[in-house]
file protein_7.txt (compact mmCIF, C-alpha atoms)
# COMPACT_ATOMS: atom_id res chain seq x y z
CA MET A 1 -201.00 -15.78 -86.66
CA SER A 2 -201.45 -18.49 -84.06
CA SER A 3 -198.80 -17.01 -81.75
CA SER A 4 -201.00 -13.99 -80.99
CA ILE A 5 -203.61 -16.33 -79.59
CA TRP A 6 -201.19 -17.90 -77.13
CA ASN A 7 -199.58 -14.63 -76.09
CA ASP A 8 -202.73 -12.57 -75.52
CA ALA A 9 -203.77 -12.52 -71.88
CA THR A 10 -207.30 -11.62 -72.84
CA VAL A 11 -208.35 -14.08 -75.45
CA SER A 12 -211.29 -12.59 -77.27
CA ARG A 13 -213.93 -14.66 -78.93
CA ARG A 14 -212.83 -13.20 -82.25
CA SER A 15 -209.21 -14.35 -82.00
CA VAL A 16 -210.33 -17.83 -81.00
CA LEU A 17 -212.52 -18.01 -84.07
CA GLN A 18 -209.65 -16.74 -86.24
CA GLY A 19 -207.43 -19.41 -84.75
CA ILE A 20 -209.93 -22.13 -85.53
CA ALA A 21 -210.23 -20.82 -89.08
CA ALA A 22 -206.45 -20.82 -89.47
CA VAL A 23 -206.17 -24.41 -88.27
CA ALA A 24 -208.93 -25.40 -90.68
CA VAL A 25 -207.11 -23.76 -93.62
CA ILE A 26 -203.77 -25.34 -92.70
CA GLY A 27 -205.45 -28.72 -92.36
CA PHE A 28 -207.18 -28.39 -95.69
CA THR A 29 -204.11 -27.23 -97.67
CA GLY A 30 -202.08 -29.91 -95.93
CA ILE A 31 -204.25 -32.60 -97.42
CA ARG A 32 -204.62 -30.88 -100.75
CA PHE A 33 -200.90 -30.31 -101.37
CA GLY A 34 -199.74 -33.34 -99.47
CA ILE A 35 -198.68 -35.23 -102.58
CA ALA A 36 -196.72 -32.36 -104.13
CA GLU A 37 -194.99 -31.68 -100.82
CA ALA A 38 -194.10 -35.34 -100.41
CA LEU A 39 -192.47 -35.32 -103.84
CA ALA A 40 -190.48 -32.16 -103.05
CA ALA A 41 -189.47 -33.55 -99.67
CA ALA A 42 -188.27 -36.77 -101.30
CA ASN A 43 -185.42 -34.71 -102.78
CA ASP A 44 -184.17 -33.83 -99.31
CA LYS A 45 -184.72 -37.26 -97.86
CA TYR A 46 -181.90 -39.50 -96.70
CA PRO A 47 -181.68 -42.38 -99.23
CA GLU A 48 -181.99 -45.12 -96.61
CA GLU A 49 -182.60 -47.97 -99.09
CA ALA A 50 -179.63 -47.08 -101.32
CA PHE A 51 -177.28 -47.32 -98.34
CA LYS A 52 -178.47 -50.90 -97.66
CA GLN A 53 -177.70 -52.21 -101.15
CA LYS A 54 -174.81 -54.47 -102.03
CA GLY A 55 -173.06 -54.35 -105.39
CA GLU A 56 -172.53 -51.56 -107.86
CA ALA A 57 -175.58 -52.11 -110.11
CA ASP A 58 -178.17 -52.41 -107.32
CA THR A 59 -176.77 -49.41 -105.47
CA ILE A 60 -176.79 -47.09 -108.48
CA LYS A 61 -180.27 -48.29 -109.44
CA SER A 62 -181.61 -47.73 -105.92
CA LEU A 63 -180.07 -44.26 -105.65
CA TYR A 64 -180.80 -42.91 -109.12
CA GLY A 65 -183.18 -45.38 -110.79
CA LYS A 66 -180.96 -45.66 -113.88
CA THR A 67 -177.57 -46.96 -115.01
CA ALA A 68 -174.28 -45.13 -115.44
CA GLU A 69 -171.91 -45.04 -118.40
CA LYS A 70 -168.15 -44.67 -118.06
CA SER A 71 -166.80 -41.19 -118.74
CA ASP A 72 -163.35 -39.61 -118.71
CA LYS A 73 -165.05 -36.38 -117.62
CA VAL A 74 -165.46 -37.85 -114.15
CA LYS A 75 -162.24 -37.42 -112.19
CA LEU A 76 -161.66 -39.74 -109.24
CA ASP A 77 -158.68 -38.99 -107.02
CA ALA A 78 -157.82 -41.84 -104.70
CA PRO A 79 -154.50 -43.33 -103.56
CA GLU A 80 -153.08 -46.40 -105.36
CA ILE A 81 -152.32 -47.93 -102.00
CA ALA A 82 -154.04 -46.96 -98.76
CA GLU A 83 -151.93 -47.90 -95.76
CA ASN A 84 -154.79 -47.27 -93.37
CA GLY A 85 -158.21 -48.40 -94.57
CA ALA A 86 -159.89 -46.41 -91.81
CA VAL A 87 -158.99 -43.12 -93.46
CA VAL A 88 -158.77 -43.13 -97.25
CA PRO A 89 -158.82 -39.64 -98.78
CA ILE A 90 -161.01 -39.60 -101.89
CA SER A 91 -161.94 -36.67 -104.13
CA VAL A 92 -164.33 -36.57 -107.04
CA SER A 93 -164.76 -33.79 -109.56
CA SER A 94 -166.18 -33.43 -113.03
CA SER A 95 -165.92 -31.17 -116.05
CA LEU A 96 -169.47 -32.06 -117.10
CA PRO A 97 -172.11 -29.27 -117.10
CA ASP A 98 -175.22 -29.30 -114.90
CA VAL A 99 -173.93 -31.69 -112.24
CA THR A 100 -176.64 -32.33 -109.65
CA SER A 101 -175.22 -35.22 -107.66
CA ILE A 102 -172.00 -37.08 -106.85
CA ALA A 103 -171.93 -40.53 -105.23
CA ILE A 104 -168.97 -42.61 -104.07
CA LEU A 105 -169.19 -46.41 -103.97
CA VAL A 106 -166.76 -48.93 -102.48
CA THR A 107 -167.66 -52.30 -103.97
CA GLU A 108 -165.99 -54.57 -101.37
CA ASN A 109 -167.42 -52.77 -98.33
CA PRO A 110 -170.34 -54.43 -96.44
CA ASN A 111 -172.56 -51.68 -97.85
CA THR A 112 -171.53 -50.47 -101.27
CA LEU A 113 -172.65 -46.85 -101.05
CA ALA A 114 -170.29 -44.76 -98.94
CA ALA A 115 -171.51 -41.22 -99.55
CA ALA A 116 -173.84 -39.29 -101.82
CA TYR A 117 -173.68 -35.54 -102.29
CA ARG A 118 -176.31 -33.22 -103.70
CA ILE A 119 -174.71 -30.46 -105.73
CA LEU A 120 -177.19 -27.57 -105.66
CA PRO A 121 -177.19 -24.78 -108.26
CA GLY A 122 -174.10 -22.57 -107.90
CA THR A 123 -172.06 -25.27 -106.17
CA ALA A 124 -168.95 -26.57 -107.92
CA PRO A 125 -169.06 -30.22 -109.08
CA ALA A 126 -166.25 -31.32 -106.78
CA VAL A 127 -166.06 -32.88 -103.34
CA SER A 128 -163.33 -34.26 -101.07
CA ASN A 129 -163.89 -36.58 -98.15
CA ARG A 130 -162.36 -39.51 -96.23
CA LEU A 131 -163.81 -42.99 -96.34
CA LYS A 132 -163.33 -46.35 -94.63
CA MET A 133 -162.39 -49.36 -96.76
CA ALA A 134 -162.65 -52.91 -95.45
CA LYS A 135 -160.13 -54.28 -97.95
CA THR A 136 -158.69 -53.78 -101.43
CA SER A 137 -161.58 -52.70 -103.59
CA ASN A 138 -162.79 -50.80 -106.60
CA VAL A 139 -163.90 -47.28 -105.78
CA ILE A 140 -166.54 -45.92 -108.14
CA ALA A 141 -167.45 -42.27 -108.56
CA VAL A 142 -170.88 -41.64 -110.04
CA VAL A 143 -171.81 -38.18 -111.30
CA GLU A 144 -175.32 -37.17 -112.29
CA ALA A 145 -175.21 -34.43 -114.92
CA GLY A 146 -178.10 -33.20 -117.04
CA GLY A 147 -180.20 -36.11 -115.81
CA LYS A 148 -177.69 -38.74 -116.98
CA LEU A 149 -175.21 -40.81 -115.00
CA TYR A 150 -171.47 -41.03 -115.63
CA SER A 151 -168.89 -43.00 -113.71
CA ALA A 152 -165.18 -43.59 -113.15
CA THR A 153 -163.57 -46.53 -111.37
CA LYS A 154 -160.23 -46.96 -109.62
CA GLU A 155 -158.82 -49.83 -107.62
CA VAL A 156 -157.42 -48.90 -104.23
CA LYS A 157 -155.19 -51.44 -102.48
CA VAL A 158 -155.67 -51.55 -98.74
CA THR A 159 -152.94 -52.95 -96.48
CA VAL A 160 -154.82 -52.61 -93.15
CA GLY A 161 -158.62 -52.79 -93.36
CA GLY A 162 -160.71 -50.06 -91.83
CA CYS A 163 -163.91 -51.86 -90.91
CA GLY A 164 -162.33 -53.86 -88.07
CA GLY A 165 -163.59 -57.24 -87.08
CA MET B 166 -169.92 -27.65 -74.61
CA ALA B 167 -167.74 -26.89 -77.54
CA SER B 168 -169.32 -27.47 -80.90
CA THR B 169 -168.64 -30.73 -82.72
CA ILE B 170 -168.31 -28.73 -85.92
CA ARG B 171 -165.31 -26.81 -87.14
CA VAL B 172 -165.72 -24.99 -90.40
CA ARG B 173 -163.56 -22.70 -92.47
CA ALA B 174 -165.11 -20.88 -95.37
CA THR B 175 -162.88 -18.61 -97.41
CA SER B 176 -164.07 -16.43 -100.24
CA SER B 177 -161.82 -15.67 -103.18
CA GLY B 178 -163.34 -13.93 -106.16
CA ASP B 179 -166.70 -15.46 -106.96
CA SER B 180 -166.06 -18.76 -105.22
CA THR B 181 -166.24 -19.73 -101.55
CA GLU B 182 -164.30 -22.78 -100.46
CA VAL B 183 -165.75 -24.63 -97.49
CA GLN B 184 -163.83 -27.07 -95.33
CA ALA B 185 -165.66 -28.75 -92.48
CA LEU B 186 -164.47 -31.12 -89.80
CA ILE B 187 -167.03 -32.79 -87.54
CA GLN B 188 -166.28 -34.72 -84.37
CA HIS B 189 -168.23 -37.96 -84.50
CA PRO B 190 -167.35 -41.64 -83.82
CA MET B 191 -168.93 -42.81 -87.13
CA ASP B 192 -169.25 -46.36 -85.74
CA SER B 193 -170.01 -48.68 -88.64
CA GLY B 194 -171.64 -51.47 -86.65
CA TYR B 195 -168.99 -53.97 -87.82
CA VAL B 196 -166.30 -53.24 -85.24
CA LYS B 197 -166.03 -55.13 -81.93
CA ASP B 198 -165.02 -53.53 -78.66
CA ALA B 199 -162.40 -54.85 -76.20
CA LYS B 200 -164.90 -57.40 -74.83
CA GLY B 201 -165.57 -58.77 -78.30
CA GLN B 202 -169.03 -57.26 -78.57
CA LEU B 203 -170.15 -55.40 -81.66
CA ILE B 204 -170.32 -51.64 -81.24
CA PRO B 205 -173.74 -50.66 -82.60
CA PRO B 206 -173.82 -48.41 -85.66
CA HIS B 207 -173.68 -44.72 -84.83
CA PHE B 208 -172.99 -42.45 -87.76
CA ILE B 209 -173.96 -39.11 -89.28
CA GLN B 210 -176.56 -39.55 -91.99
CA GLN B 211 -176.96 -36.06 -93.32
CA VAL B 212 -175.01 -32.81 -93.37
CA VAL B 213 -176.69 -29.70 -94.77
CA ILE B 214 -174.75 -26.54 -95.54
CA GLU B 215 -176.72 -23.35 -96.02
CA HIS B 216 -175.61 -19.96 -97.26
CA ASP B 217 -177.96 -17.11 -96.28
CA GLY B 218 -180.66 -19.63 -95.37
CA LYS B 219 -180.47 -21.45 -98.70
CA PRO B 220 -178.96 -24.95 -98.93
CA VAL B 221 -175.90 -25.11 -101.18
CA PHE B 222 -174.70 -28.63 -100.41
CA ILE B 223 -176.25 -31.74 -98.88
CA ALA B 224 -174.21 -34.79 -97.91
CA ASP B 225 -175.85 -38.17 -97.33
CA TRP B 226 -173.49 -40.46 -95.48
CA GLY B 227 -173.38 -44.14 -94.69
CA PRO B 228 -171.24 -45.80 -92.01
CA ALA B 229 -168.29 -45.99 -94.43
CA VAL B 230 -167.40 -42.34 -93.89
CA SER B 231 -164.32 -42.10 -91.65
CA LYS B 232 -164.36 -41.15 -87.97
CA ASP B 233 -164.35 -37.36 -87.43
CA PRO B 234 -165.50 -36.71 -91.00
CA TYR B 235 -163.90 -34.15 -93.26
CA LEU B 236 -165.60 -32.43 -96.14
CA LYS B 237 -164.46 -29.96 -98.76
CA PHE B 238 -166.39 -28.27 -101.57
CA ALA B 239 -166.90 -24.84 -103.12
CA PHE B 240 -169.88 -22.74 -104.15
CA LYS B 241 -170.53 -19.48 -105.95
CA GLY B 242 -172.23 -16.34 -104.63
CA GLY B 243 -170.80 -16.17 -101.10
CA LYS B 244 -169.27 -12.93 -99.82
CA LYS B 245 -166.97 -12.18 -96.87
CA GLY B 246 -169.06 -11.82 -93.69
CA ASP B 247 -171.99 -13.90 -94.99
CA ASP B 248 -173.44 -16.57 -92.71
CA LEU B 249 -172.69 -20.18 -93.48
CA LYS B 250 -174.70 -22.70 -91.48
CA VAL B 251 -173.56 -26.29 -91.09
CA SER B 252 -175.91 -28.86 -89.50
CA TRP B 253 -175.74 -32.62 -89.12
CA THR B 254 -178.07 -35.37 -87.91
CA ASP B 255 -177.06 -38.93 -87.08
CA ASN B 256 -178.86 -42.29 -87.10
CA LYS B 257 -179.71 -41.95 -83.39
CA GLY B 258 -181.43 -38.61 -83.94
CA ALA B 259 -178.65 -36.48 -82.44
CA SER B 260 -177.72 -33.29 -84.22
CA ASP B 261 -175.57 -30.19 -84.06
CA THR B 262 -175.49 -26.86 -85.86
CA LEU B 263 -172.88 -24.16 -86.25
CA THR B 264 -173.08 -20.84 -88.06
CA ALA B 265 -169.78 -19.42 -89.23
CA LYS B 266 -168.88 -16.27 -91.13
CA ILE B 267 -167.31 -16.51 -94.56
CA GLN B 268 -163.76 -15.10 -94.38

call {"tool": "encode", "arguments": {"input": "protein_7.txt", "output": "structure tokens"}}
result
Amino acid sequence: MSSSIWNDATVSRRSVLQGIAAVAVIGFTGIRFGIAEALAAANDKYPEEAFKQKGEADTIKSLYGKTAEKSDKVKLDAPEIAENGAVVPISVSSSLPDVTSIAILVTENPNTLAAAYRILPGTAPAVSNRLKMAKTSNVIAVVEAGGKLYSATKEVKVTVGGCGG
Amino acid sequence: MASTIRVRATSSGDSTEVQALIQHPMDSGYVKDAKGQLIPPHFIQQVVIEHDGKPVFIADWGPAVSKDPYLKFAFKGGKKGDDLKVSWTDNKGASDTLTAKIQ
């Protein structure tokens, strides 16, 4: 709509008025639906605060606003011993239905949350990635399924830390 | 310049497996350089993967993700020849995007 105004060499009075009307409508709806849009956008937003937390409980609470219970339906694949803490292959999957999110926490890292994944409808509840580990630590996989949180924990021994120093 | 993103998406049956490799330093902010000065944090914060314009997977990353990050997941509904778009943004506002075809 607005592009025709900018492209037309001969800008008629009518198109200018239409343009003004369009801006007015956009401005109005912007204010009116601002709250709903902000809530929808929050779903896509990078969880800045959660990545700053230290400790398992605070991190999970900041990311999801609730607590997790242990479940054998959360599968965490991580090595027993990681020779190089800079590259630790970790995979998480789950047999739970309606998985919407998977998060991976490393409790002894300077920041506990390492990665959080949003599993959108149609996407399999499984992810593989590579993480840095400062030292030997518990790795916790948190899976959000049907609005509830489930977790699995595994200790990974690190011989050479990956956060330097 | 060559893209920082390498992606392989293979369809088998109903499922499409996606493997992505991104070139990025992923500096955590805790490592010192040769002069003993801290290298400031520089890491990818978000990766969005879209199939036919619709997001299927969103990764939120902290500095603990390894250098040159690797990612693997699978989704349903992709067909051979479909577009798969991978985009990332980092904490300094840099970004890159690559569209690949599902094989």

call {"tool": "interface_residues", "arguments": {"input": "protein_7.txt", "of": "chain A", "to": "chain B", "cutoff": "8 Å", "atoms": "only C-alpha atoms", "output": "ChimeraX atom specification"}}
result
/A:46-47,51,86-88,109,111,113-124,126-133,163-165

call {"tool": "atom_distance", "arguments": {"input": "protein_7.txt", "atom1": "atom CA of B:Gln268", "atom2": "atom CA of B:Trp253"}}
result
21.9 Å

call {"tool": "residues_around", "arguments": {"input": "protein_7.txt", "residues": "B:Asp261", "least_positions_apart": "4", "cutoff": "12 Å", "atoms": "only C-alpha atoms", "output": "list in words"}}
result
Met166, Ala167, Ser168, Thr169, Ile170, Arg171, Ile187, Gln188, His189, Ile209, Gln211, Val212, Val213, Lys250, Val251, Ser252, Trp253, Thr254 and Asp255 of chain B

call {"tool": "residues_around", "arguments": {"input": "protein_7.txt", "residues": "A:Ile81", "least_positions_apart": "5", "cutoff": "8 Å", "atoms": "all atoms listed in the file", "output": "VMD selection string"}}
result
chain A and resid 156 to 159

call {"tool": "residues_around", "arguments": {"input": "protein_7.txt", "residues": "stretch 60-68 of chain A", "least_positions_apart": "5", "cutoff": "8 Å", "atoms": "all atoms listed in the file", "output": "ChimeraX atom specification"}}
result
/A:47,49-50,53,142,148-151

call {"tool": "atom_distance", "arguments": {"input": "protein_7.txt", "atom1": "atom CA of A:Glu108", "atom2": "atom CA of A:Gly85"}}
result
12.0 Å

call {"tool": "atom_distance", "arguments": {"input": "protein_7.txt", "atom1": "atom CA of A:Leu76", "atom2": "atom CA of A:Ser94"}}
result
8.6 Å

call {"tool": "residues_near_point", "arguments": {"input": "protein_7.txt", "point": "(-165.3, -35.5, -118.3)", "cutoff": "7 Å", "atoms": "all atoms listed in the file", "output": "JSON, numbers by chain"}}
result
{"A": [71, 72, 73, 74, 94, 95, 96]}

call {"tool": "closest_residue", "arguments": {"input": "protein_7.txt", "among": "A:Glu69, A:Glu56, A:Glu48, A:Glu80", "to": "A:Ala152", "atoms": "only C-alpha atoms"}}
result
A:Glu69

call {"tool": "decode", "arguments": {"input": "protein_7.txt", "residues": "chain B", "atoms": "C-alpha atoms", "output": "mmCIF file, in the first residue's frame"}}
result
data_model
loop_
_atom_site.group_PDB
_atom_site.id
_atom_site.type_symbol
_atom_site.label_atom_id
_atom_site.label_comp_id
_atom_site.auth_asym_id
_atom_site.auth_seq_id
_atom_site.Cartn_x
_atom_site.Cartn_y
_atom_site.Cartn_z
ATOM 1 C CA MET B 166 32.309 -14.382 1.072
ATOM 2 C CA ALA B 167 31.423 -17.950 1.668
ATOM 3 C CA SER B 168 28.542 -18.512 4.011
ATOM 4 C CA THR B 169 29.247 -19.285 7.661
ATOM 5 C CA ILE B 170 26.484 -21.876 7.522
ATOM 6 C CA ARG B 171 26.692 -25.394 6.185
ATOM 7 C CA VAL B 172 23.519 -27.394 6.291
ATOM 8 C CA ARG B 173 22.490 -30.836 5.152
ATOM 9 C CA ALA B 174 18.839 -31.746 5.200
ATOM 10 C CA THR B 175 17.885 -35.218 4.060
ATOM 11 C CA SER B 176 14.350 -36.452 3.724
ATOM 12 C CA SER B 177 13.498 -40.087 4.317
ATOM 13 C CA GLY B 178 9.856 -41.048 4.471
ATOM 14 C CA ASP B 179 7.950 -38.514 6.529
ATOM 15 C CA SER B 180 10.945 -37.199 8.421
ATOM 16 C CA THR B 181 13.637 -34.704 7.428
ATOM 17 C CA GLU B 182 16.915 -34.842 9.312
ATOM 18 C CA VAL B 183 18.762 -31.548 9.551
ATOM 19 C CA GLN B 184 22.439 -31.199 10.375
ATOM 20 C CA ALA B 185 23.898 -27.717 10.564
ATOM 21 C CA LEU B 186 27.429 -26.511 11.141
ATOM 22 C CA ILE B 187 28.059 -22.808 11.687
ATOM 23 C CA GLN B 188 31.432 -21.090 11.678
ATOM 24 C CA HIS B 189 31.601 -18.848 14.725
ATOM 25 C CA PRO B 190 34.225 -18.234 17.454
ATOM 26 C CA MET B 191 31.640 -18.620 20.280
ATOM 27 C CA ASP B 192 33.932 -16.690 22.668
ATOM 28 C CA SER B 193 32.629 -17.198 26.184
ATOM 29 C CA GLY B 194 34.166 -14.096 27.748
ATOM 30 C CA TYR B 195 36.160 -16.216 30.219
ATOM 31 C CA VAL B 196 39.161 -17.009 28.028
ATOM 32 C CA LYS B 197 42.317 -14.858 27.971
ATOM 33 C CA ASP B 198 44.335 -14.151 24.854
ATOM 34 C CA ALA B 199 48.136 -14.459 24.489
ATOM 35 C CA LYS B 200 48.614 -11.086 26.243
ATOM 36 C CA GLY B 201 46.575 -12.226 29.232
ATOM 37 C CA GLN B 202 43.587 -10.051 28.408
ATOM 38 C CA LEU B 203 40.068 -11.415 28.469
ATOM 39 C CA ILE B 204 38.545 -11.972 25.042
ATOM 40 C CA PRO B 205 35.110 -10.324 25.224
ATOM 41 C CA PRO B 206 32.081 -12.577 24.839
ATOM 42 C CA HIS B 207 31.047 -13.121 21.234
ATOM 43 C CA PHE B 208 28.568 -15.906 20.686
ATOM 44 C CA ILE B 209 25.482 -16.845 18.677
ATOM 45 C CA GLN B 210 22.322 -16.266 20.677
ATOM 46 C CA GLN B 211 19.655 -17.584 18.389
ATOM 47 C CA VAL B 212 19.365 -19.931 15.433
ATOM 48 C CA VAL B 213 16.034 -20.192 13.625
ATOM 49 C CA ILE B 214 15.315 -22.928 11.105
ATOM 50 C CA GLU B 215 12.361 -22.457 8.797
ATOM 51 C CA HIS B 216 10.723 -24.875 6.397
ATOM 52 C CA ASP B 217 8.628 -23.179 3.685
ATOM 53 C CA GLY B 218 8.671 -19.925 5.667
ATOM 54 C CA LYS B 219 7.460 -21.537 8.885
ATOM 55 C CA PRO B 220 9.815 -21.993 11.857
ATOM 56 C CA VAL B 221 10.327 -25.634 12.823
ATOM 57 C CA PHE B 222 13.141 -25.255 15.341
ATOM 58 C CA ILE B 223 14.566 -22.405 17.394
ATOM 59 C CA ALA B 224 17.822 -22.683 19.325
ATOM 60 C CA ASP B 225 18.702 -20.234 22.104
ATOM 61 C CA TRP B 226 22.375 -20.453 22.906
ATOM 62 C CA GLY B 227 24.603 -19.172 25.660
ATOM 63 C CA PRO B 228 28.403 -18.888 25.533
ATOM 64 C CA ALA B 229 28.755 -22.535 26.616
ATOM 65 C CA VAL B 230 28.010 -23.815 23.118
ATOM 66 C CA SER B 231 31.255 -24.994 21.480
ATOM 67 C CA LYS B 232 33.179 -23.077 18.828
ATOM 68 C CA ASP B 233 31.833 -23.704 15.295
ATOM 69 C CA PRO B 234 28.527 -25.027 16.649
ATOM 70 C CA TYR B 235 26.910 -28.204 15.416
ATOM 71 C CA LEU B 236 23.223 -28.956 15.561
ATOM 72 C CA LYS B 237 21.128 -31.967 14.641
ATOM 73 C CA PHE B 238 17.370 -32.490 14.789
ATOM 74 C CA ALA B 239 14.513 -33.832 12.670
ATOM 75 C CA PHE B 240 11.064 -32.618 11.683
ATOM 76 C CA LYS B 241 8.033 -33.956 9.847
ATOM 77 C CA GLY B 242 6.429 -32.637 6.661
ATOM 78 C CA GLY B 243 9.515 -31.772 4.592
ATOM 79 C CA LYS B 244 9.835 -33.025 1.014
ATOM 80 C CA LYS B 245 12.822 -33.299 -1.337
ATOM 81 C CA GLY B 246 13.423 -29.934 -3.033
ATOM 82 C CA ASP B 247 11.710 -27.878 -0.304
ATOM 83 C CA ASP B 248 13.476 -24.785 0.986
ATOM 84 C CA LEU B 249 15.063 -24.916 4.399
ATOM 85 C CA LYS B 250 16.242 -21.582 5.759
ATOM 86 C CA VAL B 251 18.814 -21.360 8.537
ATOM 87 C CA SER B 252 19.539 -17.983 10.179
ATOM 88 C CA TRP B 253 21.575 -16.971 13.197
ATOM 89 C CA THR B 254 22.152 -13.778 15.183
ATOM 90 C CA ASP B 255 24.904 -13.203 17.722
ATOM 91 C CA ASN B 256 25.293 -10.988 20.804
ATOM 92 C CA LYS B 257 27.010 -8.274 18.733
ATOM 93 C CA GLY B 258 24.086 -8.072 16.311
ATOM 94 C CA ALA B 259 25.822 -9.902 13.452
ATOM 95 C CA SER B 260 23.817 -12.441 11.507
ATOM 96 C CA ASP B 261 23.851 -14.786 8.556
ATOM 97 C CA THR B 262 21.257 -16.704 6.590
ATOM 98 C CA LEU B 263 21.402 -19.635 4.213
ATOM 99 C CA THR B 264 18.623 -21.332 2.287
ATOM 100 C CA ALA B 265 19.268 -24.932 1.332
ATOM 101 C CA LYS B 266 17.185 -27.501 -0.513
ATOM 102 C CA ILE B 267 16.053 -30.642 1.258
ATOM 103 C CA GLN B 268 17.723 -33.651 -0.390
#
